[in-house]
Amino acid sequence: MRVDPVDVQLAQTAAQIQELLQSLAELQPLTGLLNKRALDRRLEVVDDHEPLAILSIEVNGFKNLNSRYEHAGGDMILIEIGIRLQGVVERFPEATAFHLSGDEFLITVAASPRKLAFEIGVAAQQKIEGAPFTVRGGKQTGSREVTVAVGLAHGDR
């Protein structure tokens with residue numbers, strides 16, 4: 001039986017499209033970080049015997065920021081937080097950043113000691129709070145106007 005090269009090419013293209021759709025379904029469109037669906041899928045495959053840390057990151061007073069800088073300005077703040085968190089996790093191969101919804105972000109730290117997870121949490125907080133944010137019209141937030149609360153849970157699943 002002869003395999004038609006066009007059929008092979010079509011099958012490969014279909015597989016690539018399916019993979020692309022799957023990856024797009026796991027991205028939060030505003031920030032480009034992974035979303036809750038991606039988090040759920042990642043947690044399903046975590047080895048039950050490996051430690052897992054979860055860093056919960058929430059923007060303090062985001063409703064007020066959104067009111068002050070309008071929704072477009074609030075979106076710009078969230079986008080920049082996503083960029084800053086991605087910059088942090090790129091330094092730590094064990095870490096992955098997620099944008100769950102609104103002002104809620106999360107970092108998972110797989111198979112690592114609590115001390116490293118704490119270090120990543122501190123780095124994330126410093127990166128977010130370390131510089132003002134540019135919002136709509138080129139305005140900047142105050143130097144410490146955008147702050148975050150970071151919570152750490154660590155343990156075996």
# chains A, B, ... in the order shown; residues from 1 in each chain; ligands from 1
call {"tool": "residues_around", "arguments": {"residues": "segment 129-142 of chain A", "least_positions_apart": "3", "cutoff": "10 Å", "atoms": "only C-alpha atoms", "output": "ChimeraX atom specification"}}
result
/A:65,68-78,80-81,84,123-126,145-148
call {"tool": "write_last_selection", "arguments": {"atoms": "C-alpha atoms", "output": "PDB file, in the first residue's frame"}}
result
ATOM      1  CA  LEU A  65      -5.833  51.181  40.726  1.00  0.00           C
ATOM      2  CA  ARG A  68      -7.661  55.655  39.220  1.00  0.00           C
ATOM      3  CA  TYR A  69      -6.050  54.655  35.914  1.00  0.00           C
ATOM      4  CA  GLU A  70      -9.213  53.358  34.211  1.00  0.00           C
ATOM      5  CA  HIS A  71      -9.543  49.799  32.978  1.00  0.00           C
ATOM      6  CA  ALA A  72      -7.029  50.286  30.168  1.00  0.00           C
ATOM      7  CA  GLY A  73      -4.458  51.464  32.729  1.00  0.00           C
ATOM      8  CA  GLY A  74      -5.299  48.535  34.995  1.00  0.00           C
ATOM      9  CA  ASP A  75      -4.806  46.179  32.068  1.00  0.00           C
ATOM     10  CA  MET A  76      -1.399  47.749  31.386  1.00  0.00           C
ATOM     11  CA  ILE A  77      -0.424  47.116  35.007  1.00  0.00           C
ATOM     12  CA  LEU A  78      -1.513  43.461  34.744  1.00  0.00           C
ATOM     13  CA  GLU A  80       3.548  44.450  33.063  1.00  0.00           C
ATOM     14  CA  ILE A  81       3.142  42.257  36.147  1.00  0.00           C
ATOM     15  CA  ARG A  84       7.941  40.920  35.431  1.00  0.00           C
ATOM     16  CA  ALA A 123      12.186  37.954  44.022  1.00  0.00           C
ATOM     17  CA  ALA A 124       8.681  38.180  42.517  1.00  0.00           C
ATOM     18  CA  GLN A 125       7.550  40.730  45.088  1.00  0.00           C
ATOM     19  CA  GLN A 126      10.678  42.841  44.632  1.00  0.00           C
ATOM     20  CA  GLU A 145       1.668  52.421  44.479  1.00  0.00           C
ATOM     21  CA  VAL A 146       1.470  48.888  43.083  1.00  0.00           C
ATOM     22  CA  THR A 147       2.095  46.346  45.826  1.00  0.00           C
ATOM     23  CA  VAL A 148       1.364  42.659  46.122  1.00  0.00           C
TER      24      VAL A 148
END
call {"tool": "residues_around", "arguments": {"residues": "segment 39-53 of chain A", "least_positions_apart": "4", "cutoff": "10 Å", "atoms": "only C-alpha atoms", "output": "PyMOL selection string"}}
result
chain A and resi 26+34-35+94-100+106-114+116-118+152-157
call {"tool": "write_last_selection", "arguments": {"atoms": "N, CA, C and O atoms", "output": "mmCIF file, in the first residue's frame"}}
result
data_model
loop_
_atom_site.group_PDB
_atom_site.id
_atom_site.type_symbol
_atom_site.label_atom_id
_atom_site.label_comp_id
_atom_site.auth_asym_id
_atom_site.auth_seq_id
_atom_site.Cartn_x
_atom_site.Cartn_y
_atom_site.Cartn_z
ATOM 1 N N GLU A 26 -4.445 27.326 26.771
ATOM 2 C CA GLU A 26 -3.832 27.367 28.099
ATOM 3 C C GLU A 26 -3.157 28.698 28.402
ATOM 4 O O GLU A 26 -2.476 28.837 29.409
ATOM 5 N N LEU A 34 0.455 31.420 31.482
ATOM 6 C CA LEU A 34 -0.423 30.254 31.509
ATOM 7 C C LEU A 34 -1.643 30.552 32.369
ATOM 8 O O LEU A 34 -1.578 31.351 33.312
ATOM 9 N N ASN A 35 -2.773 29.898 32.056
ATOM 10 C CA ASN A 35 -4.014 30.160 32.776
ATOM 11 C C ASN A 35 -4.378 29.016 33.725
ATOM 12 O O ASN A 35 -3.600 28.079 33.914
ATOM 13 N N GLU A 94 12.638 25.511 37.916
ATOM 14 C CA GLU A 94 11.611 24.780 38.663
ATOM 15 C C GLU A 94 10.301 25.550 38.733
ATOM 16 O O GLU A 94 9.290 25.020 39.176
ATOM 17 N N ALA A 95 10.318 26.818 38.344
ATOM 18 C CA ALA A 95 9.174 27.705 38.552
ATOM 19 C C ALA A 95 8.402 27.964 37.265
ATOM 20 O O ALA A 95 8.974 28.045 36.186
ATOM 21 N N THR A 96 7.078 28.095 37.425
ATOM 22 C CA THR A 96 6.195 28.428 36.313
ATOM 23 C C THR A 96 5.189 29.455 36.799
ATOM 24 O O THR A 96 4.603 29.298 37.869
ATOM 25 N N ALA A 97 4.968 30.508 35.998
ATOM 26 C CA ALA A 97 4.036 31.573 36.365
ATOM 27 C C ALA A 97 2.696 31.391 35.666
ATOM 28 O O ALA A 97 2.640 30.962 34.509
ATOM 29 N N PHE A 98 1.627 31.733 36.391
ATOM 30 C CA PHE A 98 0.264 31.634 35.889
ATOM 31 C C PHE A 98 -0.482 32.925 36.201
ATOM 32 O O PHE A 98 -0.224 33.565 37.214
ATOM 33 N N HIS A 99 -1.420 33.293 35.343
ATOM 34 C CA HIS A 99 -2.352 34.385 35.626
ATOM 35 C C HIS A 99 -3.722 33.738 35.695
ATOM 36 O O HIS A 99 -4.263 33.297 34.684
ATOM 37 N N LEU A 100 -4.263 33.663 36.898
ATOM 38 C CA LEU A 100 -5.515 32.938 37.089
ATOM 39 C C LEU A 100 -6.726 33.760 36.674
ATOM 40 O O LEU A 100 -7.582 33.294 35.941
ATOM 41 N N LEU A 106 -0.080 33.285 40.182
ATOM 42 C CA LEU A 106 0.403 32.145 40.950
ATOM 43 C C LEU A 106 1.709 31.666 40.319
ATOM 44 O O LEU A 106 1.876 31.728 39.106
ATOM 45 N N ILE A 107 2.608 31.217 41.155
ATOM 46 C CA ILE A 107 3.837 30.582 40.675
ATOM 47 C C ILE A 107 3.918 29.213 41.328
ATOM 48 O O ILE A 107 3.769 29.094 42.552
ATOM 49 N N THR A 108 4.134 28.179 40.537
ATOM 50 C CA THR A 108 4.398 26.860 41.104
ATOM 51 C C THR A 108 5.900 26.635 41.069
ATOM 52 O O THR A 108 6.584 27.085 40.151
ATOM 53 N N VAL A 109 6.383 25.965 42.091
ATOM 54 C CA VAL A 109 7.810 25.625 42.166
ATOM 55 C C VAL A 109 7.872 24.131 42.434
ATOM 56 O O VAL A 109 7.528 23.656 43.519
ATOM 57 N N ALA A 110 8.280 23.380 41.433
ATOM 58 C CA ALA A 110 8.274 21.919 41.508
ATOM 59 C C ALA A 110 9.565 21.383 42.111
ATOM 60 O O ALA A 110 10.653 21.895 41.844
ATOM 61 N N ALA A 111 9.403 20.344 42.915
ATOM 62 C CA ALA A 111 10.525 19.546 43.428
ATOM 63 C C ALA A 111 11.666 20.394 43.960
ATOM 64 O O ALA A 111 12.820 20.207 43.593
ATOM 65 N N SER A 112 11.363 21.322 44.829
ATOM 66 C CA SER A 112 12.418 22.168 45.366
ATOM 67 C C SER A 112 12.191 22.429 46.853
ATOM 68 O O SER A 112 11.079 22.327 47.345
ATOM 69 N N PRO A 113 13.253 22.775 47.549
ATOM 70 C CA PRO A 113 13.111 23.045 48.985
ATOM 71 C C PRO A 113 12.328 24.338 49.239
ATOM 72 O O PRO A 113 12.255 25.220 48.393
ATOM 73 N N ARG A 114 11.762 24.415 50.416
ATOM 74 C CA ARG A 114 10.982 25.580 50.829
ATOM 75 C C ARG A 114 11.803 26.871 50.722
ATOM 76 O O ARG A 114 11.276 27.909 50.339
ATOM 77 N N LEU A 116 14.058 27.726 48.553
ATOM 78 C CA LEU A 116 14.067 28.217 47.173
ATOM 79 C C LEU A 116 12.724 28.846 46.822
ATOM 80 O O LEU A 116 12.672 29.900 46.190
ATOM 81 N N ALA A 117 11.635 28.211 47.224
ATOM 82 C CA ALA A 117 10.306 28.769 46.957
ATOM 83 C C ALA A 117 10.172 30.143 47.617
ATOM 84 O O ALA A 117 9.649 31.087 47.006
ATOM 85 N N PHE A 118 10.659 30.274 48.842
ATOM 86 C CA PHE A 118 10.616 31.557 49.532
ATOM 87 C C PHE A 118 11.440 32.593 48.762
ATOM 88 O O PHE A 118 11.013 33.732 48.574
ATOM 89 N N LEU A 152 2.736 31.667 50.556
ATOM 90 C CA LEU A 152 3.496 30.477 50.182
ATOM 91 C C LEU A 152 2.905 29.257 50.867
ATOM 92 O O LEU A 152 2.714 29.244 52.069
ATOM 93 N N ALA A 153 2.610 28.252 50.046
ATOM 94 C CA ALA A 153 2.226 26.940 50.570
ATOM 95 C C ALA A 153 3.238 25.952 50.016
ATOM 96 O O ALA A 153 3.559 25.965 48.836
ATOM 97 N N HIS A 154 3.768 25.099 50.894
ATOM 98 C CA HIS A 154 4.800 24.152 50.470
ATOM 99 C C HIS A 154 4.531 22.814 51.115
ATOM 100 O O HIS A 154 4.160 22.742 52.281
ATOM 101 N N GLY A 155 4.700 21.778 50.343
ATOM 102 C CA GLY A 155 4.531 20.457 50.921
ATOM 103 C C GLY A 155 4.417 19.400 49.863
ATOM 104 O O GLY A 155 4.543 19.663 48.674
ATOM 105 N N ASP A 156 4.189 18.191 50.316
ATOM 106 C CA ASP A 156 3.997 17.078 49.399
ATOM 107 C C ASP A 156 2.533 17.048 49.005
ATOM 108 O O ASP A 156 1.658 17.367 49.793
ATOM 109 N N ARG A 157 2.284 16.637 47.770
ATOM 110 C CA ARG A 157 0.885 16.495 47.312
ATOM 111 C C ARG A 157 0.346 15.181 47.777
ATOM 112 O O ARG A 157 0.984 14.210 47.843
#
call {"tool": "select_by_dssp", "arguments": {"residues": "segment 50-115 of chain A", "states": "alpha helix (DSSP H)", "output": "PyMOL selection string"}}
result
chain A and resi 62-89+114-115
call {"tool": "select_by_dssp", "arguments": {"residues": "chain A", "states": "strand (DSSP E)", "output": "VMD selection string"}}
result
chain A and resid 51 to 59 95 to 101 104 to 110 148 to 156
call {"tool": "write_last_selection", "arguments": {"atoms": "N, CA, C and O atoms", "output": "CSV table (one decimal), in the first residue's frame"}}
result
chain,number,residue,atom,x,y,z
A,51,PRO,N,8.0,17.3,46.4
A,51,PRO,CA,7.4,18.5,47.0
A,51,PRO,C,7.0,19.5,46.0
A,51,PRO,O,7.5,19.5,44.9
A,52,LEU,N,6.0,20.3,46.3
A,52,LEU,CA,5.5,21.3,45.4
A,52,LEU,C,5.2,22.5,46.2
A,52,LEU,O,4.6,22.4,47.3
A,53,ALA,N,5.7,23.7,45.8
A,53,ALA,CA,5.4,24.9,46.4
A,53,ALA,C,4.4,25.7,45.5
A,53,ALA,O,4.6,25.7,44.3
A,54,ILE,N,3.5,26.4,46.1
A,54,ILE,CA,2.6,27.3,45.4
A,54,ILE,C,2.7,28.7,46.0
A,54,ILE,O,2.5,28.9,47.2
A,55,LEU,N,3.1,29.7,45.2
A,55,LEU,CA,3.1,31.1,45.6
A,55,LEU,C,1.9,31.8,45.0
A,55,LEU,O,1.7,31.8,43.8
A,56,SER,N,1.1,32.3,45.9
A,56,SER,CA,-0.1,33.0,45.5
A,56,SER,C,0.2,34.5,45.5
A,56,SER,O,0.8,35.0,46.5
A,57,ILE,N,0.0,35.2,44.4
A,57,ILE,CA,0.4,36.6,44.3
A,57,ILE,C,-0.9,37.4,44.0
A,57,ILE,O,-1.5,37.2,42.9
A,58,GLU,N,-1.2,38.3,44.8
A,58,GLU,CA,-2.4,39.2,44.5
A,58,GLU,C,-2.1,40.6,44.6
A,58,GLU,O,-1.4,41.0,45.6
A,59,VAL,N,-2.6,41.4,43.7
A,59,VAL,CA,-2.3,42.8,43.7
A,59,VAL,C,-3.1,43.5,44.8
A,59,VAL,O,-4.4,43.3,44.8
A,95,ALA,N,10.3,26.8,38.3
A,95,ALA,CA,9.2,27.7,38.6
A,95,ALA,C,8.4,28.0,37.3
A,95,ALA,O,9.0,28.0,36.2
A,96,THR,N,7.1,28.1,37.4
A,96,THR,CA,6.2,28.4,36.3
A,96,THR,C,5.2,29.5,36.8
A,96,THR,O,4.6,29.3,37.9
A,97,ALA,N,5.0,30.5,36.0
A,97,ALA,CA,4.0,31.6,36.4
A,97,ALA,C,2.7,31.4,35.7
A,97,ALA,O,2.6,31.0,34.5
A,98,PHE,N,1.6,31.7,36.4
A,98,PHE,CA,0.3,31.6,35.9
A,98,PHE,C,-0.5,32.9,36.2
A,98,PHE,O,-0.2,33.6,37.2
A,99,HIS,N,-1.4,33.3,35.3
A,99,HIS,CA,-2.4,34.4,35.6
A,99,HIS,C,-3.7,33.7,35.7
A,99,HIS,O,-4.3,33.3,34.7
A,100,LEU,N,-4.3,33.7,36.9
A,100,LEU,CA,-5.5,32.9,37.1
A,100,LEU,C,-6.7,33.8,36.7
A,100,LEU,O,-7.6,33.3,35.9
A,101,SER,N,-6.8,35.0,37.2
A,101,SER,CA,-7.9,35.9,36.8
A,101,SER,C,-7.7,37.2,37.5
A,101,SER,O,-7.0,37.3,38.5
A,104,GLU,N,-5.1,38.1,40.2
A,104,GLU,CA,-4.6,36.9,40.9
A,104,GLU,C,-3.6,36.2,40.0
A,104,GLU,O,-3.9,35.7,38.9
A,105,PHE,N,-2.4,36.0,40.5
A,105,PHE,CA,-1.3,35.3,39.9
A,105,PHE,C,-0.8,34.2,40.8
A,105,PHE,O,-1.1,34.2,42.0
A,106,LEU,N,-0.1,33.3,40.2
A,106,LEU,CA,0.4,32.1,40.9
A,106,LEU,C,1.7,31.7,40.3
A,106,LEU,O,1.9,31.7,39.1
A,107,ILE,N,2.6,31.2,41.2
A,107,ILE,CA,3.8,30.6,40.7
A,107,ILE,C,3.9,29.2,41.3
A,107,ILE,O,3.8,29.1,42.6
A,108,THR,N,4.1,28.2,40.5
A,108,THR,CA,4.4,26.9,41.1
A,108,THR,C,5.9,26.6,41.1
A,108,THR,O,6.6,27.1,40.2
A,109,VAL,N,6.4,26.0,42.1
A,109,VAL,CA,7.8,25.6,42.2
A,109,VAL,C,7.9,24.1,42.4
A,109,VAL,O,7.5,23.7,43.5
A,110,ALA,N,8.3,23.4,41.4
A,110,ALA,CA,8.3,21.9,41.5
A,110,ALA,C,9.6,21.4,42.1
A,110,ALA,O,10.7,21.9,41.8
A,148,VAL,N,2.0,44.0,46.2
A,148,VAL,CA,1.4,42.7,46.1
A,148,VAL,C,1.5,42.0,47.5
A,148,VAL,O,2.4,42.2,48.2
A,149,ALA,N,0.5,41.1,47.7
A,149,ALA,CA,0.6,40.1,48.8
A,149,ALA,C,1.0,38.8,48.3
A,149,ALA,O,0.4,38.3,47.3
A,150,VAL,N,2.0,38.2,48.9
A,150,VAL,CA,2.5,36.9,48.4
A,150,VAL,C,2.3,35.9,49.5
A,150,VAL,O,2.8,36.1,50.6
A,151,GLY,N,1.7,34.8,49.2
A,151,GLY,CA,1.5,33.7,50.1
A,151,GLY,C,2.2,32.5,49.6
A,151,GLY,O,2.3,32.3,48.4
A,152,LEU,N,2.7,31.7,50.6
A,152,LEU,CA,3.5,30.5,50.2
A,152,LEU,C,2.9,29.3,50.9
A,152,LEU,O,2.7,29.2,52.1
A,153,ALA,N,2.6,28.3,50.0
A,153,ALA,CA,2.2,26.9,50.6
A,153,ALA,C,3.2,26.0,50.0
A,153,ALA,O,3.6,26.0,48.8
A,154,HIS,N,3.8,25.1,50.9
A,154,HIS,CA,4.8,24.2,50.5
A,154,HIS,C,4.5,22.8,51.1
A,154,HIS,O,4.2,22.7,52.3
A,155,GLY,N,4.7,21.8,50.3
A,155,GLY,CA,4.5,20.5,50.9
A,155,GLY,C,4.4,19.4,49.9
A,155,GLY,O,4.5,19.7,48.7
A,156,ASP,N,4.2,18.2,50.3
A,156,ASP,CA,4.0,17.1,49.4
A,156,ASP,C,2.5,17.0,49.0
A,156,ASP,O,1.7,17.4,49.8
call {"tool": "atom_distance", "arguments": {"atom1": "atom CA of Gly121 of chain A", "atom2": "atom CA of Ala38 of chain A"}}
result
20.4 Å
call {"tool": "atom_distance", "arguments": {"atom1": "atom CA of Leu33 of chain A", "atom2": "atom CA of Gly82 of chain A"}}
result
6.5 Å
call {"tool": "closest_residue", "arguments": {"among": "A:Lys127, A:Lys115, A:Lys63, A:Arg37", "to": "Leu85 of chain A", "atoms": "only C-alpha atoms"}}
result
A:Lys127
